[in-house]
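J.: Below is a structure I'd like to ask you about.
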Amino acid sequence: MRYSGFQVIKEALTGHKGWKPVWRDPEPQSHYDIIIIGGGGHGLATAYYLAKEFGEKKIAVLEKGWIGGGNVGRNTTIIRSNYLLDGNEPFYEMSLKLWEGLEQDFNYNAMVSQRGILNLIHSDAQRDAFTRRGNAMMLNGADAEMLSTEQILDRYPFLNVNDARFPIKGGLAQHRGGTVRHDAVAWGYARGADMRGVDIIQNCEVTGFRLENGKCLGVETSRGFIGANKVGCAVAGSSSRLMSKADMQLPMESHVLQAFVSEGLKPVIPGVITFGAGHFYCSQSDKGGLVFGGDLDGYNSYAQRGNMPVVEDVCESGMALMPMLGRARLLRMWGGIMDMSMDGSPIIDKTHIDGLYFNGGWCYGGFKATPASGFCFAHLLSRDAPHPNATEFRFDRFSRGLMIDEKGMGNQPNLH
Amino acid sequence: MIINHPLLGPRDAAEFTYLGDASLINRPDWQSETAAQDFYEYGYLRSNPAGIHRELWFHEAGDRSWLVVTRNTVTHEISNVEMARDVARTQGRSK
Ligand SMILES: Cc1cc2nc3c(=O)[nH]c(=O)nc-3n(C[C@H](O)[C@H](O)[C@H](O)COP(=O)(O)OP(=O)(O)OC[C@H]3O[C@@H](n4cnc5c(N)ncnc54)[C@H](O)[C@@H]3O)c2cc1C
């Protein structure tokens, strides 16, 4: 069923009896052309583009729990393309362009809201760095604008611009950035893929790979063996765990990142704000909750919850930036497991095993990448060649010294 | 998390900074034939297990000693804490 204004009115008048489940719940077949492991945003987007753009048939997505229960349903929903380096920026700008047309493309309301993102500046050195970043963005066709403190106060009068330690000196704005309803992204891609014949198989955990003579013949799962010509892994924080079944060690650590939501409030924050002097960023959801977060907890973790020191740190930073935050009550908080790569940038590449492909290393920034990641991974799986915007996301960049290190932090995943 | 420091007793994990897998103690030999590959693996590849993990913590806001903490990455439970220098010495290092 296509969704439209007409459908909504028709269903409203007929008691909403005509709505159907949004995707099927099929039994796994014995063999597929392409299996995607992981029903998060990236896995579902990959399956969608494989079917829609690359004409692939017989595709399955295998998800160990329910789709959207991983990071795609746990993130703070920010989309942007404000990267500096050549390996990254064209890819993220491609993603932002795909977001702009996504809802029409997959006929689902994902609440893409280009409310703008603002990175605050607190020192002269930071102004230089952000000016350079803004220029790099524009060279890659993205939008960027440097704002003065007065311009910022027009839109965000509640900011503490005269903080004695970290006064606000300006900001780098990307007006096309914003937020998207994260669950709806998973559901929209799932529905679009399902409509094109993709089997979405939930409660199906991949427990191993069947490898013979350097070739991957399929996967062992909690629901039996499933054969495939090609297998693509997109399991985010579980990447090292999964790839260890193929005896691979990854340039990656898994870390927990927390997020926080306040009680629902009337609209107060029109866009997305990031603090440049501490680890804090904030936006307001359409339901009214202030959605904010900060730093990783900083130690390897597979527990989807964090510890108190980071909660304190995030709230302190928030109070320094917008003292009004102290009037709101914290309603919920949770954690997600990040696939933190050694240089802070992702990998979309073949492995050394024939027929086994990998997508991961998204760190805490993979939600915005979902459409381009799906598109580029589908390109790689279908054509056996990287998409032109993802040529640098290779495994061997670490051994060849070609890191894509946006923050210049070196091989220390908890600092990216 | 509370880290039971071998010299100082139980300390809040917030006093420490985290480096990573304790295998970082075993710096490869730079004169080895395979040094380039060894340093790539040492610098960039991690086993990143879900479960028991031995890892290096630095008591930055304390006595500035390095510790090897054995911790479960699924539950955050800490089962053992050693001085990193003791671990290195038992592996044949001079310091
Ligand atoms: C608190 C928080 C805030 C964030 N904020 C932002 C943000 O503002 N902007 C942004 O761009 N990014 C953000 N991110 C990052 C973003 O959410 C992730 O990078 C991205 O969602 C990862 O890709 P995914 O959606 O495919 O992952 P997931 O949704 O985690 O999908 C992976 C799936 O694989 C499944 N799986 C794992 N192992 C197996 C197995 N063996 N067999 C079968 N299935 C398996 C999992 O169950 C899971 O559903 C944030 C993340 C967190 C946790």
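Identifiers in the structure tokens: chain A, B, ... in order shown; residue index from 1 per chain; ligand index from 1 in order shown.
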From a DSSP pass on the backbone, collect the residues of region 136-345 of chain A flagged as helix (DSSP H, G or I) and hand them back as a VMD selection string.
T.: chain A and resid 136 to 139 149 to 155 182 to 195 236 to 246 308 to 321 323 to 327
J.: Which residues sit within 6 Å of ligand 1, counting only C-alpha atoms and all ligand atoms, listed as a ChimeraX atom specification?
T.: /A:37-43,62-65,67-72,74-79,205-207,234-236,238,242,257-259,335-337,362-368
J.: Give me, as a ChimeraX atom specification, all polymer residues having an atom no more than 10 Å from Ser47 (chain B), counting only C-alpha atoms and skipping those fewer than 6 positions away in the same chain.
T.: /A:240-241,244,248-253 /B:21,23,53
J.: Could you list, with a cut-off of 12 Å and counting only C-alpha atoms, the residues of chain A near chain B, each shown with its nearest atom pair and the distance in Å rounded to one decimal, rows sorted by chain and ascending number, as a Markdown table?
T.:
```
| residue | atom | partner | partner_atom | distance |
| --- | --- | --- | --- | --- |
| A:Gly237 | CA | B:Asn48 | CA | 10.4 |
| A:Ser238 | CA | B:Ala50 | CA | 8.7 |
| A:Ser239 | CA | B:Asn48 | CA | 9.4 |
| A:Ser240 | CA | B:Asn48 | CA | 6.2 |
| A:Arg241 | CA | B:Pro49 | CA | 6.6 |
| A:Leu242 | CA | B:Pro49 | CA | 10.3 |
| A:Met243 | CA | B:Ser47 | CA | 10.1 |
| A:Ser244 | CA | B:Ser47 | CA | 8.0 |
| A:Lys245 | CA | B:Ser47 | CA | 11.7 |
| A:Asp247 | CA | B:Ser47 | CA | 10.1 |
| A:Met248 | CA | B:Ser47 | CA | 8.7 |
| A:Gln249 | CA | B:Ser47 | CA | 5.7 |
| A:Leu250 | CA | B:Leu45 | CA | 5.4 |
| A:Pro251 | CA | B:Leu45 | CA | 4.4 |
| A:Met252 | CA | B:Arg46 | CA | 6.2 |
| A:Glu253 | CA | B:Asn48 | CA | 5.5 |
| A:Ser254 | CA | B:Asn48 | CA | 6.7 |
| A:His255 | CA | B:Thr73 | CA | 9.3 |
| A:Val256 | CA | B:Thr73 | CA | 10.1 |
| A:Leu296 | CA | B:Tyr18 | CA | 11.7 |
| A:Asp297 | CA | B:Ala14 | CA | 9.9 |
| A:Gly298 | CA | B:Tyr18 | CA | 6.8 |
| A:Tyr299 | CA | B:Tyr18 | CA | 6.2 |
| A:Asn300 | CA | B:Thr73 | CA | 6.2 |
| A:Ser301 | CA | B:Thr73 | CA | 4.5 |
| A:Tyr302 | CA | B:Val74 | CA | 4.8 |
| A:Ala303 | CA | B:Val74 | CA | 4.8 |
| A:Gln304 | CA | B:Val74 | CA | 8.5 |
| A:Arg305 | CA | B:Thr75 | CA | 9.6 |
| A:Gly306 | CA | B:His76 | CA | 9.4 |
| A:Asn307 | CA | B:Met1 | CA | 7.3 |
| A:Met308 | CA | B:Met1 | CA | 8.8 |
| A:Pro309 | CA | B:Ala14 | CA | 6.4 |
| A:Val310 | CA | B:Ala14 | CA | 9.0 |
| A:Val311 | CA | B:Ala14 | CA | 11.8 |
| A:Glu312 | CA | B:Ala14 | CA | 10.9 |
| A:Asp313 | CA | B:Ala14 | CA | 10.6 |
| A:Ile337 | CA | B:Val74 | CA | 10.7 |
| A:Met338 | CA | B:Asn48 | CA | 11.9 |
| A:Asp339 | CA | B:Asn48 | CA | 10.2 |
| A:Met340 | CA | B:Asn48 | CA | 10.5 |
| A:Ser341 | CA | B:Tyr44 | CA | 9.0 |
| A:Met342 | CA | B:Tyr44 | CA | 6.3 |
| A:Asp343 | CA | B:Tyr44 | CA | 9.2 |
| A:Phe395 | CA | B:Tyr44 | CA | 10.7 |
| A:Asp396 | CA | B:Tyr40 | CA | 10.1 |
| A:Arg397 | CA | B:Tyr44 | CA | 10.5 |
| A:Phe398 | CA | B:Tyr44 | CA | 6.9 |
| A:Ser399 | CA | B:Tyr40 | CA | 5.6 |
| A:Arg400 | CA | B:Tyr40 | CA | 9.0 |
| A:Gly401 | CA | B:Tyr40 | CA | 9.3 |
| A:Met403 | CA | B:Tyr44 | CA | 10.8 |
| A:Gly410 | CA | B:Gly43 | CA | 9.7 |
| A:Asn411 | CA | B:Tyr44 | CA | 6.6 |
| A:Gln412 | CA | B:Leu19 | CA | 7.6 |
| A:Pro413 | CA | B:Gly20 | CA | 8.9 |
| A:Asn414 | CA | B:Tyr18 | CA | 8.3 |
| A:Leu415 | CA | B:Leu19 | CA | 10.0 |
```
J.: Select, from A:Ala190, A:Ile348, A:Ala378, A:Leu265, the residue with the minimum atom-to-atom distance to Arg394 (chain A), counting only C-alpha atoms.
T.: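 Selected residue with least distance to Arg394 (chain A): A:Ile348.
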